[in-house]
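**Q** This is my_file_18.csv (CSV, C-alpha atoms).
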chain,number,residue,atom,x,y,z
A,1,MET,CA,0.0,0.0,0.0
A,2,PRO,CA,1.3,3.5,-0.8
A,3,THR,CA,2.2,5.5,2.2
A,4,HIS,CA,0.6,9.0,2.8
A,5,ARG,CA,3.9,10.5,1.6
A,6,GLN,CA,3.8,8.6,-1.7
A,7,ALA,CA,0.2,9.5,-2.4
A,8,GLY,CA,1.2,13.2,-1.8
A,9,ASP,CA,4.1,12.8,-4.2
A,10,THR,CA,1.8,11.4,-6.9
A,11,ARG,CA,-0.7,14.2,-6.5
A,12,ALA,CA,2.1,16.8,-6.7
A,13,ARG,CA,3.5,15.1,-9.8
A,14,ILE,CA,0.1,15.1,-11.5
A,15,VAL,CA,-0.4,18.9,-10.7
A,16,ALA,CA,3.1,19.7,-12.1
A,17,ALA,CA,2.3,17.6,-15.2
A,18,THR,CA,-1.0,19.4,-15.7
A,19,GLU,CA,0.8,22.8,-15.6
A,20,ARG,CA,3.4,21.6,-18.0
A,21,ALA,CA,0.8,20.1,-20.4
A,22,ILE,CA,-1.2,23.4,-20.4
A,23,ARG,CA,1.9,25.4,-21.1
A,24,GLU,CA,3.2,23.1,-23.9
A,25,TYR,CA,0.1,21.9,-25.6
A,26,GLY,CA,-2.5,24.5,-24.7
A,27,ILE,CA,-5.5,23.8,-22.5
A,28,ALA,CA,-7.3,21.8,-25.3
A,29,GLY,CA,-4.3,19.6,-25.8
A,30,ALA,CA,-3.8,19.0,-22.1
A,31,THR,CA,-5.8,15.8,-22.0
A,32,THR,CA,-6.0,13.6,-18.9
A,33,LYS,CA,-4.2,10.9,-21.0
A,34,ARG,CA,-1.3,13.3,-21.8
A,35,ILE,CA,-1.2,14.5,-18.2
A,36,ALA,CA,-1.0,11.0,-16.9
A,37,GLN,CA,1.8,10.2,-19.3
A,38,LEU,CA,3.8,13.2,-18.2
A,39,ALA,CA,3.2,12.3,-14.6
A,40,GLY,CA,4.3,8.7,-15.2
A,41,CYS,CA,1.1,7.3,-13.8
A,42,SER,CA,-2.1,5.7,-15.2
A,43,GLU,CA,-5.2,7.6,-16.0
A,44,ALA,CA,-7.0,5.5,-13.4
A,45,LEU,CA,-4.5,6.7,-10.7
A,46,LEU,CA,-5.0,10.3,-11.9
A,47,TYR,CA,-8.8,9.9,-11.4
A,48,LYS,CA,-8.2,8.6,-7.8
A,49,HIS,CA,-6.7,12.1,-7.0
A,50,PHE,CA,-8.8,14.3,-9.3
A,51,ASP,CA,-12.4,14.0,-10.5
A,52,GLY,CA,-11.7,15.8,-13.8
A,53,LYS,CA,-10.0,18.5,-15.7
A,54,GLU,CA,-11.7,21.3,-13.8
A,55,SER,CA,-10.2,20.0,-10.5
A,56,LEU,CA,-6.8,19.6,-12.2
A,57,VAL,CA,-6.8,23.2,-13.5
A,58,LEU,CA,-8.0,24.5,-10.2
A,59,ALA,CA,-5.2,22.7,-8.4
A,60,VAL,CA,-2.6,24.2,-10.9
A,61,ILE,CA,-4.0,27.7,-10.2
A,62,LEU,CA,-4.1,27.2,-6.4
A,63,GLU,CA,-1.0,25.2,-5.7
A,64,HIS,CA,1.4,25.5,-8.6
A,65,ALA,CA,0.9,28.8,-10.4
A,66,PRO,CA,3.2,31.5,-9.3
A,67,VAL,CA,1.2,33.2,-6.6
A,68,LEU,CA,0.6,36.8,-5.8
A,69,ALA,CA,0.1,36.1,-2.1
A,70,PRO,CA,3.7,36.8,-1.0
A,71,ALA,CA,3.7,40.3,-2.7
A,72,LEU,CA,0.3,41.1,-1.1
A,73,LYS,CA,1.6,40.0,2.3
A,74,ARG,CA,4.7,42.1,1.8
A,75,LEU,CA,2.5,45.1,0.9
A,76,GLY,CA,0.2,44.5,3.9
A,77,ASP,CA,3.2,44.0,6.3
A,78,SER,CA,4.7,47.3,5.2
A,79,ALA,CA,1.4,49.2,5.7
A,80,GLY,CA,2.0,52.6,7.3
A,81,THR,CA,5.8,52.3,6.9
A,82,GLY,CA,8.2,53.4,4.1
A,83,ASP,CA,7.1,55.3,1.0
A,84,LEU,CA,3.6,54.1,-0.1
A,85,ALA,CA,4.3,54.9,-3.8
A,86,ALA,CA,7.5,52.8,-3.7
A,87,ASN,CA,5.7,49.9,-1.9
A,88,LEU,CA,2.9,49.9,-4.4
A,89,THR,CA,5.3,50.1,-7.4
A,90,GLU,CA,7.1,47.0,-6.1
A,91,PHE,CA,3.8,45.3,-5.7
A,92,ALA,CA,2.6,46.3,-9.2
A,93,VAL,CA,5.8,44.9,-10.8
A,94,ALA,CA,5.0,41.6,-9.0
A,95,ALA,CA,1.4,41.7,-10.2
A,96,VAL,CA,2.5,42.1,-13.8
A,97,GLU,CA,4.8,39.1,-13.4
A,98,PHE,CA,2.1,37.1,-11.7
A,99,TYR,CA,-0.4,37.8,-14.5
A,100,THR,CA,2.2,37.1,-17.2
A,101,ASN,CA,2.9,33.6,-15.7
A,102,SER,CA,-0.8,32.9,-15.3
A,103,ILE,CA,-1.6,33.5,-19.0
A,104,PRO,CA,-1.4,29.9,-20.2
A,105,THR,CA,-3.9,28.7,-17.6
A,106,ALA,CA,-6.2,31.7,-17.4
A,107,ALA,CA,-6.5,32.3,-21.1
A,108,GLY,CA,-6.7,28.5,-21.6
A,109,VAL,CA,-9.8,28.2,-19.4
A,110,MET,CA,-11.4,31.2,-21.1
A,111,THR,CA,-11.1,29.5,-24.5
A,112,GLU,CA,-12.7,26.3,-23.3
A,113,PRO,CA,-16.4,27.0,-22.8
A,114,ALA,CA,-17.1,23.5,-21.5
A,115,LEU,CA,-14.3,23.6,-18.9
A,116,MET,CA,-15.2,27.2,-17.9
A,117,ALA,CA,-18.8,26.2,-16.9
A,118,GLY,CA,-17.6,23.6,-14.3
A,119,PHE,CA,-14.8,25.9,-13.3
A,120,ARG,CA,-17.1,28.8,-12.5
A,121,GLU,CA,-19.2,26.6,-10.3
A,122,MET,CA,-16.1,25.3,-8.5
A,123,LEU,CA,-14.9,28.9,-7.9
A,124,ALA,CA,-18.3,30.1,-6.6
A,125,ALA,CA,-18.7,27.1,-4.3
A,126,ASN,CA,-15.2,27.7,-2.7
A,127,ASN,CA,-15.5,31.5,-2.7
A,128,LEU,CA,-12.5,31.8,-4.9
A,129,GLY,CA,-11.7,33.7,-8.0
A,130,PRO,CA,-9.4,36.1,-9.8
A,131,HIS,CA,-11.3,39.0,-8.1
A,132,MET,CA,-10.0,38.0,-4.6
A,133,PRO,CA,-6.5,39.6,-4.8
A,134,ILE,CA,-8.1,42.8,-6.1
A,135,ARG,CA,-10.3,42.9,-3.0
A,136,ALA,CA,-7.3,42.2,-0.8
A,137,LEU,CA,-5.4,45.1,-2.3
A,138,GLY,CA,-8.4,47.3,-1.7
A,139,ALA,CA,-8.5,46.3,2.0
A,140,ILE,CA,-4.8,47.3,2.3
A,141,LEU,CA,-5.4,50.6,0.7
A,142,TRP,CA,-8.4,51.4,2.9
A,143,GLY,CA,-6.0,50.8,5.8
A,144,GLU,CA,-3.4,53.1,4.3
A,145,GLN,CA,-6.1,55.8,3.9
A,146,GLN,CA,-7.0,55.5,7.6
A,147,ALA,CA,-3.3,56.1,8.3
A,148,GLY,CA,-3.5,59.2,6.2
A,149,ARG,CA,-1.3,57.9,3.4
A,150,VAL,CA,-4.0,57.8,0.7
A,151,ARG,CA,-6.0,61.0,-0.1
A,152,PRO,CA,-9.2,61.3,2.0
A,153,GLY,CA,-12.4,60.5,0.1
A,154,ALA,CA,-10.7,58.3,-2.5
A,155,ASP,CA,-12.5,55.0,-3.2
A,156,CYS,CA,-9.8,52.5,-2.3
A,157,ASP,CA,-11.6,49.6,-3.9
A,158,ALA,CA,-11.7,51.5,-7.2
A,159,LEU,CA,-8.0,52.4,-6.8
A,160,ALA,CA,-7.3,48.6,-6.5
A,161,VAL,CA,-9.5,47.8,-9.5
A,162,LEU,CA,-7.6,50.4,-11.6
A,163,LEU,CA,-4.1,49.3,-10.5
A,164,MET,CA,-4.7,45.6,-10.9
A,165,GLY,CA,-6.5,46.1,-14.2
A,166,ALA,CA,-3.5,48.1,-15.6
A,167,CYS,CA,-1.1,45.3,-14.4
A,168,TYR,CA,-3.3,42.6,-15.9
A,169,GLN,CA,-3.7,44.2,-19.3
A,170,ARG,CA,0.0,45.1,-19.4
A,171,ALA,CA,0.9,41.4,-19.0
A,172,HIS,CA,-1.5,40.5,-21.8
A,173,LEU,CA,-0.4,43.3,-24.1
A,174,SER,CA,3.2,42.1,-23.8
A,175,ALA,CA,2.1,38.8,-25.3
A,176,PHE,CA,1.1,40.6,-28.4
A,177,VAL,CA,3.5,43.6,-28.8
A,178,ASP,CA,6.9,44.8,-27.5
A,179,LEU,CA,6.0,47.6,-25.1
A,180,PRO,CA,8.5,50.5,-25.1
A,181,ASP,CA,8.9,51.0,-21.3
A,182,THR,CA,10.0,48.5,-18.6
A,183,ASN,CA,7.6,47.0,-16.0
A,184,GLU,CA,9.2,49.2,-13.4
A,185,ALA,CA,8.7,52.4,-15.3
A,186,PHE,CA,5.1,51.4,-16.1
A,187,ALA,CA,4.4,50.6,-12.4
A,188,ASP,CA,6.0,53.9,-11.2
A,189,THR,CA,3.9,55.9,-13.6
A,190,VAL,CA,0.5,54.4,-12.9
A,191,VAL,CA,1.0,54.3,-9.1
A,192,ARG,CA,2.0,58.0,-9.1
A,193,THR,CA,-1.0,58.9,-11.2
A,194,LEU,CA,-3.3,56.9,-8.9
A,195,LEU,CA,-1.9,58.4,-5.7
A,196,THR,CA,-1.9,62.0,-6.8
B,1,MET,CA,-14.3,33.9,-63.8
B,2,PRO,CA,-15.5,35.2,-60.5
B,3,THR,CA,-16.4,38.9,-60.4
B,4,HIS,CA,-14.7,41.3,-58.0
B,5,ARG,CA,-18.0,41.2,-56.0
B,6,GLN,CA,-18.0,37.4,-55.7
B,7,ALA,CA,-14.4,37.3,-54.6
B,8,GLY,CA,-15.3,39.9,-51.9
B,9,ASP,CA,-18.2,37.8,-50.8
B,10,THR,CA,-16.1,34.7,-50.5
B,11,ARG,CA,-13.5,36.5,-48.4
B,12,ALA,CA,-16.1,37.9,-46.1
B,13,ARG,CA,-17.7,34.4,-45.8
B,14,ILE,CA,-14.3,33.0,-44.8
B,15,VAL,CA,-13.7,35.7,-42.2
B,16,ALA,CA,-17.2,35.1,-40.7
B,17,ALA,CA,-16.5,31.3,-40.7
B,18,THR,CA,-13.2,31.9,-38.9
B,19,GLU,CA,-14.8,33.9,-36.2
B,20,ARG,CA,-17.5,31.3,-35.7
B,21,ALA,CA,-15.0,28.4,-35.7
B,22,ILE,CA,-12.9,30.2,-33.0
B,23,ARG,CA,-16.0,30.9,-30.9
B,24,GLU,CA,-17.4,27.3,-31.2
B,25,TYR,CA,-14.3,25.1,-31.2
B,26,GLY,CA,-11.6,27.3,-29.6
B,27,ILE,CA,-8.6,28.5,-31.5
B,28,ALA,CA,-6.9,25.1,-31.6
B,29,GLY,CA,-10.1,23.5,-33.1
B,30,ALA,CA,-10.5,26.3,-35.7
B,31,THR,CA,-8.5,24.5,-38.4
B,32,THR,CA,-8.4,25.8,-42.0
B,33,LYS,CA,-10.3,22.6,-43.0
B,34,ARG,CA,-13.1,23.4,-40.6
B,35,ILE,CA,-13.2,27.0,-41.5
B,36,ALA,CA,-13.4,26.1,-45.2
B,37,GLN,CA,-16.3,23.7,-44.5
B,38,LEU,CA,-18.2,26.4,-42.5
B,39,ALA,CA,-17.6,28.9,-45.3
B,40,GLY,CA,-18.7,26.4,-47.9
B,41,CYS,CA,-15.6,26.6,-49.9
B,42,SER,CA,-12.5,24.4,-50.6
B,43,GLU,CA,-9.3,24.8,-48.5
B,44,ALA,CA,-7.6,25.7,-51.8
B,45,LEU,CA,-9.9,28.7,-52.3
B,46,LEU,CA,-9.4,29.7,-48.7
B,47,TYR,CA,-5.6,29.8,-49.3
B,48,LYS,CA,-6.2,32.0,-52.4
B,49,HIS,CA,-7.5,34.7,-50.0
B,50,PHE,CA,-5.4,34.1,-46.8
B,51,ASP,CA,-1.9,32.7,-46.5
B,52,GLY,CA,-2.5,31.0,-43.2
B,53,LYS,CA,-4.2,31.0,-39.8
B,54,GLU,CA,-2.4,34.2,-38.6
B,55,SER,CA,-3.9,36.2,-41.5
B,56,LEU,CA,-7.3,34.7,-40.8
B,57,VAL,CA,-7.2,35.6,-37.1
B,58,LEU,CA,-5.9,39.1,-37.9
B,59,ALA,CA,-8.8,39.5,-40.4
B,60,VAL,CA,-11.3,38.5,-37.8
B,61,ILE,CA,-9.9,41.0,-35.3
B,62,LEU,CA,-9.7,43.8,-37.8
B,63,GLU,CA,-12.9,43.3,-39.8
B,64,HIS,CA,-15.2,41.2,-37.9
B,65,ALA,CA,-14.7,41.5,-34.2
B,66,PRO,CA,-16.9,44.1,-32.5
B,67,VAL,CA,-14.8,47.2,-32.7
B,68,LEU,CA,-14.1,49.9,-30.2
B,69,ALA,CA,-13.6,52.5,-32.9
B,70,PRO,CA,-17.2,53.9,-32.9
B,71,ALA,CA,-17.0,54.4,-29.1
B,72,LEU,CA,-13.6,56.1,-29.4
B,73,LYS,CA,-14.9,58.3,-32.2
B,74,ARG,CA,-18.0,59.3,-30.2
B,75,LEU,CA,-15.7,60.2,-27.2
B,76,GLY,CA,-13.4,62.2,-29.5
B,77,ASP,CA,-16.3,64.0,-31.2
B,78,SER,CA,-17.7,65.0,-27.8
B,79,ALA,CA,-14.4,66.4,-26.6
B,80,GLY,CA,-14.9,69.7,-24.8
B,81,THR,CA,-18.7,69.2,-24.7
B,82,GLY,CA,-21.0,67.7,-22.1
B,83,ASP,CA,-19.9,66.1,-18.9
B,84,LEU,CA,-16.5,64.4,-19.3
B,85,ALA,CA,-17.2,61.9,-16.5
B,86,ALA,CA,-20.5,60.9,-18.2
B,87,ASN,CA,-18.8,60.7,-21.6
B,88,LEU,CA,-16.0,58.5,-20.2
B,89,THR,CA,-18.4,56.3,-18.3
B,90,GLU,CA,-20.3,55.6,-21.5
B,91,PHE,CA,-17.0,54.8,-23.3
B,92,ALA,CA,-15.9,52.5,-20.4
B,93,VAL,CA,-19.1,50.5,-20.7
B,94,ALA,CA,-18.5,50.1,-24.4
B,95,ALA,CA,-14.9,49.1,-23.7
B,96,VAL,CA,-16.0,46.3,-21.3
B,97,GLU,CA,-18.4,45.0,-23.9
B,98,PHE,CA,-15.7,45.2,-26.6
B,99,TYR,CA,-13.2,43.3,-24.5
B,100,THR,CA,-15.9,40.7,-23.5
B,101,ASN,CA,-16.6,40.0,-27.2
B,102,SER,CA,-12.9,39.7,-28.1
B,103,ILE,CA,-12.2,37.1,-25.4
B,104,PRO,CA,-12.5,34.0,-27.7
B,105,THR,CA,-10.1,35.4,-30.3
B,106,ALA,CA,-7.6,37.2,-27.9
B,107,ALA,CA,-7.4,34.5,-25.3
B,108,GLY,CA,-7.3,31.9,-28.1
B,109,VAL,CA,-4.2,33.5,-29.7
B,110,MET,CA,-2.5,33.8,-26.2
B,111,THR,CA,-2.9,30.0,-25.7
B,112,GLU,CA,-1.3,29.1,-29.1
B,113,PRO,CA,2.4,29.8,-28.9
B,114,ALA,CA,3.0,28.9,-32.6
B,115,LEU,CA,0.2,31.2,-33.8
B,116,MET,CA,1.3,34.0,-31.5
B,117,ALA,CA,4.8,34.1,-32.9
B,118,GLY,CA,3.5,34.8,-36.5
B,119,PHE,CA,0.8,37.1,-35.1
B,120,ARG,CA,3.3,39.3,-33.2
B,121,GLU,CA,5.4,39.8,-36.4
B,122,MET,CA,2.3,40.7,-38.4
B,123,LEU,CA,1.1,43.2,-35.8
B,124,ALA,CA,4.6,44.8,-35.6
B,125,ALA,CA,4.9,45.0,-39.4
B,126,ASN,CA,1.5,46.7,-39.7
B,127,ASN,CA,1.9,49.0,-36.6
B,128,LEU,CA,-1.2,47.4,-35.1
B,129,GLY,CA,-2.0,45.9,-31.7
B,130,PRO,CA,-4.2,45.9,-28.7
B,131,HIS,CA,-2.2,48.9,-27.3
B,132,MET,CA,-3.4,51.2,-30.0
B,133,PRO,CA,-6.9,52.0,-28.6
B,134,ILE,CA,-5.3,52.8,-25.3
B,135,ARG,CA,-3.0,55.4,-27.0
B,136,ALA,CA,-6.0,56.8,-28.8
B,137,LEU,CA,-7.8,57.3,-25.5
B,138,GLY,CA,-4.7,58.9,-24.1
B,139,ALA,CA,-4.6,61.4,-27.0
B,140,ILE,CA,-8.3,62.3,-26.4
B,141,LEU,CA,-7.6,62.8,-22.7
B,142,TRP,CA,-4.6,65.1,-23.4
B,143,GLY,CA,-7.0,67.2,-25.5
B,144,GLU,CA,-9.5,67.3,-22.7
B,145,GLN,CA,-6.7,68.4,-20.3
B,146,GLN,CA,-5.8,71.3,-22.6
B,147,ALA,CA,-9.4,72.3,-22.6
B,148,GLY,CA,-9.2,72.4,-18.8
B,149,ARG,CA,-11.5,69.3,-18.2
B,150,VAL,CA,-8.8,67.0,-16.7
B,151,ARG,CA,-6.8,68.1,-13.7
B,152,PRO,CA,-3.5,69.9,-14.7
B,153,GLY,CA,-0.4,67.8,-14.4
B,154,ALA,CA,-2.1,64.5,-14.7
B,155,ASP,CA,-0.4,62.0,-17.0
B,156,CYS,CA,-3.2,61.4,-19.5
B,157,ASP,CA,-1.5,58.3,-21.0
B,158,ALA,CA,-1.4,56.8,-17.6
B,159,LEU,CA,-5.1,57.6,-17.0
B,160,ALA,CA,-5.9,55.8,-20.3
B,161,VAL,CA,-3.8,52.8,-19.3
B,162,LEU,CA,-5.6,52.6,-15.9
B,163,LEU,CA,-9.1,53.0,-17.3
B,164,MET,CA,-8.6,50.5,-20.2
B,165,GLY,CA,-6.9,48.1,-17.9
B,166,ALA,CA,-9.8,48.1,-15.5
B,167,CYS,CA,-12.3,47.6,-18.3
B,168,TYR,CA,-10.2,44.8,-19.8
B,169,GLN,CA,-9.8,42.9,-16.5
B,170,ARG,CA,-13.4,43.3,-15.7
B,171,ALA,CA,-14.4,41.7,-18.9
B,172,HIS,CA,-12.1,38.7,-18.1
B,173,LEU,CA,-13.2,38.5,-14.4
B,174,SER,CA,-16.8,38.2,-15.6
B,175,ALA,CA,-15.8,35.1,-17.5
B,176,PHE,CA,-14.8,33.5,-14.1
B,177,VAL,CA,-17.2,34.9,-11.5
B,178,ASP,CA,-20.5,36.8,-11.2
B,179,LEU,CA,-19.5,40.3,-10.2
B,180,PRO,CA,-21.9,42.1,-7.9
B,181,ASP,CA,-22.2,45.5,-9.6
B,182,THR,CA,-23.4,46.3,-13.2
B,183,ASN,CA,-20.9,47.5,-15.9
B,184,GLU,CA,-22.5,50.9,-15.6
B,185,ALA,CA,-21.9,51.2,-11.8
B,186,PHE,CA,-18.4,49.9,-12.3
B,187,ALA,CA,-17.6,52.4,-15.1
B,188,ASP,CA,-19.1,55.3,-13.1
B,189,THR,CA,-17.0,54.4,-10.0
B,190,VAL,CA,-13.6,54.0,-11.8
B,191,VAL,CA,-14.1,57.1,-14.0
B,192,ARG,CA,-14.9,59.3,-11.0
B,193,THR,CA,-11.9,57.9,-9.0
B,194,LEU,CA,-9.6,58.7,-12.0
B,195,LEU,CA,-10.9,62.2,-12.6
B,196,THR,CA,-10.9,63.3,-9.0
Would you mind writing the file out in structure tokens?
**A**
Amino acid sequence: MPTHRQAGDTRARIVAATERAIREYGIAGATTKRIAQLAGCSEALLYKHFDGKESLVLAVILEHAPVLAPALKRLGDSAGTGDLAANLTEFAVAAVEFYTNSIPTAAGVMTEPALMAGFREMLAANNLGPHMPIRALGAILWGEQQAGRVRPGADCDALAVLLMGACYQRAHLSAFVDLPDTNEAFADTVVRTLLT
Amino acid sequence: MPTHRQAGDTRARIVAATERAIREYGIAGATTKRIAQLAGCSEALLYKHFDGKESLVLAVILEHAPVLAPALKRLGDSAGTGDLAANLTEFAVAAVEFYTNSIPTAAGVMTEPALMAGFREMLAANNLGPHMPIRALGAILWGEQQAGRVRPGADCDALAVLLMGACYQRAHLSAFVDLPDTNEAFADTVVRTLLT
């Protein structure tokens, strides 16, 4: 019988194989058959750990995709200290990188209507979704406003929506065209415009 | 011999078939064989009009996708007149709808590395790309600033990047989760935050 450790290893191997399959073959080409092959296990074993492609994709996003959480935590931890514009600029650069790395999975799900239907249900049931980090940023900015570091009266949720939106679109634009400025220059400009 | 008119009809039919194939089968499933079938023509005839999938996708984006140009023109035409916040709110709602409708094609291209490579070259060679409408919005806002309707000193290109980014991300977020507010309420909030 496999030990607990071995079962965990298999699961992690399947998640890693899913991420690789999406990146290399696109979401449509990332079949459970191909994922099982890449993970070096049978499809039957794959289905012992995951009930389908939606679960596999969700696992990639939750466990394997480069996560924004550390950058959010750093921003939250530095609340009230240092230069807010500098802190937010550093965060915005991390957000562009996060969104860039999540393109294969996120864009993949968006192009697969059948997968998206199950995926929407799964996100709603677990109170998850790509809107959550935007809310988290908003909460941090409301705190900064209470500390007098964001102009009084500004809608901090709207500031978060604007900043994250600009970072998200920049990541996607870079897939299509060479943008003239660096991510750092971009982040500095949009943060200063938002905070003024 | 086909008349000029008939050749134009065939081309338009192929572009419409490409758009439909991407929407229904995803970009990977939108093969030239399937597109030719949907257009009711041979693959040989398809290749008389288009030299490959990159050209087909570009044609869909340029000619067939719901375009933002009318909303940009309306905004430009109303420069200096009416309430700027109201004009921009109406534009932002149109931008969210535009980005929503372009998801199958745009996300599709992003998930196909081979297609994207040729597509990037084609955009660069023709000075096209998804960054162009953002620049156009920036130009309109600089004009509004000269007319005293945007706060002095604000970086109007950055305002455009922030507004379009928020609209773009909102369109994509809606694919994953049910957002609580309407597009109109969203647009009103972000525009007022940007203009204050």
**Q** Using only C-alpha atoms, tabulate the residues of chain A lying at most 9 Å from any atom of chain B, each with its closest atom pair and that distance in Å to one decimal, by chain and increasing residue number, as CSV.
**A**
residue,atom,partner,partner_atom,distance
A:Ile22,CA,B:Thr111,CA,8.6
A:Arg23,CA,B:Thr111,CA,8.1
A:Glu24,CA,B:Pro113,CA,8.4
A:Tyr25,CA,B:Glu112,CA,8.1
A:Gly26,CA,B:Thr111,CA,5.6
A:Ile27,CA,B:Thr111,CA,7.4
A:Ala28,CA,B:Ala28,CA,7.1
A:Gly29,CA,B:Ala28,CA,8.4
A:Ile103,CA,B:Met110,CA,7.3
A:Pro104,CA,B:Thr111,CA,5.7
A:Thr105,CA,B:Thr111,CA,8.3
A:Ala106,CA,B:Ala107,CA,8.5
A:Ala107,CA,B:Ala107,CA,4.8
A:Gly108,CA,B:Thr111,CA,5.8
A:Val109,CA,B:Ala107,CA,9.0
A:Met110,CA,B:Ala107,CA,6.7
A:Thr111,CA,B:Gly26,CA,5.6
A:Glu112,CA,B:Gly26,CA,6.5
A:Pro113,CA,B:Gly26,CA,8.3
A:Met116,CA,B:Phe176,CA,7.4
A:Ala117,CA,B:Phe176,CA,8.8
A:Phe119,CA,B:Phe176,CA,7.6
A:Arg120,CA,B:Phe176,CA,5.5
A:Glu121,CA,B:Val177,CA,8.6
A:Leu123,CA,B:Val177,CA,7.4
A:Ala124,CA,B:Val177,CA,6.9
A:Leu128,CA,B:Val177,CA,8.7
A:Gly129,CA,B:Val177,CA,6.6
A:Pro130,CA,B:Leu173,CA,6.4
A:His131,CA,B:Leu173,CA,6.6
A:Ala154,CA,B:Thr193,CA,6.6
A:Asp155,CA,B:Thr193,CA,6.5
A:Cys156,CA,B:Thr193,CA,8.9
A:Ala158,CA,B:Val190,CA,5.6
A:Leu159,CA,B:Thr193,CA,7.1
A:Val161,CA,B:Ala166,CA,6.0
A:Leu162,CA,B:Ala166,CA,5.0
A:Leu163,CA,B:Leu162,CA,6.5
A:Met164,CA,B:Ala166,CA,7.3
A:Gly165,CA,B:Ala166,CA,4.1
A:Ala166,CA,B:Gly165,CA,4.1
A:Cys167,CA,B:Gly165,CA,7.3
A:Tyr168,CA,B:Gln169,CA,6.5
A:Gln169,CA,B:Gly165,CA,5.2
A:Arg170,CA,B:Gly165,CA,7.7
A:His172,CA,B:Met110,CA,8.1
A:Leu173,CA,B:Pro130,CA,6.5
A:Ala175,CA,B:Met110,CA,6.9
A:Phe176,CA,B:Arg120,CA,5.4
A:Val177,CA,B:Arg120,CA,6.2
A:Asp178,CA,B:Ala124,CA,8.4
A:Leu179,CA,B:His131,CA,8.6
A:Phe186,CA,B:Ala158,CA,8.6
A:Thr189,CA,B:Ala158,CA,6.7
A:Val190,CA,B:Ala158,CA,5.6
A:Thr193,CA,B:Asp155,CA,6.6
A:Leu194,CA,B:Leu194,CA,7.2
A:Thr196,CA,B:Ala154,CA,8.3
**Q** Counting all atoms listed in the file, figure out which residue out of A:Ala59, A:Ala185, A:Ala44, A:Leu68 gets nearest to Ala17 in chain A.
**A** A:Ala59
**Q** Give me the residues near Ala71 in chain A as a ChimeraX atom specification, where near means some atom within 9 Å (using only C-alpha atoms) and where sequence neighbours in that chain fewer than 6 positions away do not count.
**A** /A:90-92,94-95
**Q** Counting all atoms listed in the file, figure out which residue out of B:Ala7, B:Ala21, B:Leu58, B:Cys41 gets nearest to Met122 in chain B.
**A**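 Among the listed residues, the smallest separation from Met122 in chain B belongs to B:Leu58.
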**Q** Within 10 Å of Glu144 in chain B, counting only C-alpha atoms, which residues qualify if same-chain residues fewer than 2 places away don't, as a ChimeraX atom specification?
**A** /B:76,78-81,84,138-142,146-151,156
**Q** For a quick check of understanding, using all atoms listed in the file, which of B:Ala136, B:Val15, B:Ala114, B:Ala125 has the smallest distance to Leu62 in chain B?
**A**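 Of the candidates, the smallest distance to Leu62 in chain B is held by B:Val15.
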**Q** Could you tell me how far CA of Val67 in chain A sits from CA of Gly143 in chain A, in Å to one decimal place?
**A**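 Going from CA of Gly143 in chain A over to CA of Val67 in chain A covers 22.7 Å.
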**Q** Let me make sure I understand: among A:Glu54, A:Asp83, A:Asp9, A:Glu63, which one has the smallest atom-to-atom distance to Ala39 in chain A if we use only C-alpha atoms?
**A**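 So, comparing all the options, the nearest one is A:Asp9.
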**Q** Could you work out how far CA of Leu75 in chain B lies from CA of Leu88 in chain B, giving the answer in Å with one decimal?
**A**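 Distance reported for this atom pair: 7.2 Å.
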**Q** Report the distance between CA of Ala171 in chain B and CA of Thr100 in chain B in Å, rounded to one decimal place.
**A** 4.9 Å
**Q** Return the single residue from A:Thr89, A:Gly52, A:Ile14, A:Val60 that is closest to Leu38 in chain A, with distances computed using all atoms listed in the file.
**A**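 Of A:Thr89, A:Gly52, A:Ile14, A:Val60, the one nearest Leu38 in chain A is A:Ile14, counting all atoms listed in the file.
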**Q** Take range 147-152 of chain B, bring it up to N, CA, C and O atoms, and give me the output as a CSV table (one decimal), in the frame of the given file.
**A**
chain,number,residue,atom,x,y,z
B,147,ALA,N,-8.2,71.5,-22.7
B,147,ALA,CA,-9.4,72.3,-22.6
B,147,ALA,C,-9.8,72.5,-21.1
B,147,ALA,O,-10.9,73.0,-20.8
B,148,GLY,N,-9.0,72.1,-20.2
B,148,GLY,CA,-9.2,72.4,-18.8
B,148,GLY,C,-10.2,71.4,-18.1
B,148,GLY,O,-10.7,71.7,-17.0
B,149,ARG,N,-10.5,70.3,-18.8
B,149,ARG,CA,-11.5,69.3,-18.2
B,149,ARG,C,-10.8,68.1,-17.5
B,149,ARG,O,-11.5,67.3,-16.9
B,150,VAL,N,-9.5,68.0,-17.5
B,150,VAL,CA,-8.8,67.0,-16.7
B,150,VAL,C,-7.8,67.8,-15.9
B,150,VAL,O,-7.2,68.8,-16.3
B,151,ARG,N,-7.6,67.3,-14.6
B,151,ARG,CA,-6.8,68.1,-13.7
B,151,ARG,C,-5.4,68.4,-14.3
B,151,ARG,O,-4.8,67.4,-14.9
B,152,PRO,N,-4.8,69.6,-14.1
B,152,PRO,CA,-3.5,69.9,-14.7
B,152,PRO,C,-2.5,69.0,-14.1
B,152,PRO,O,-2.5,68.6,-12.9
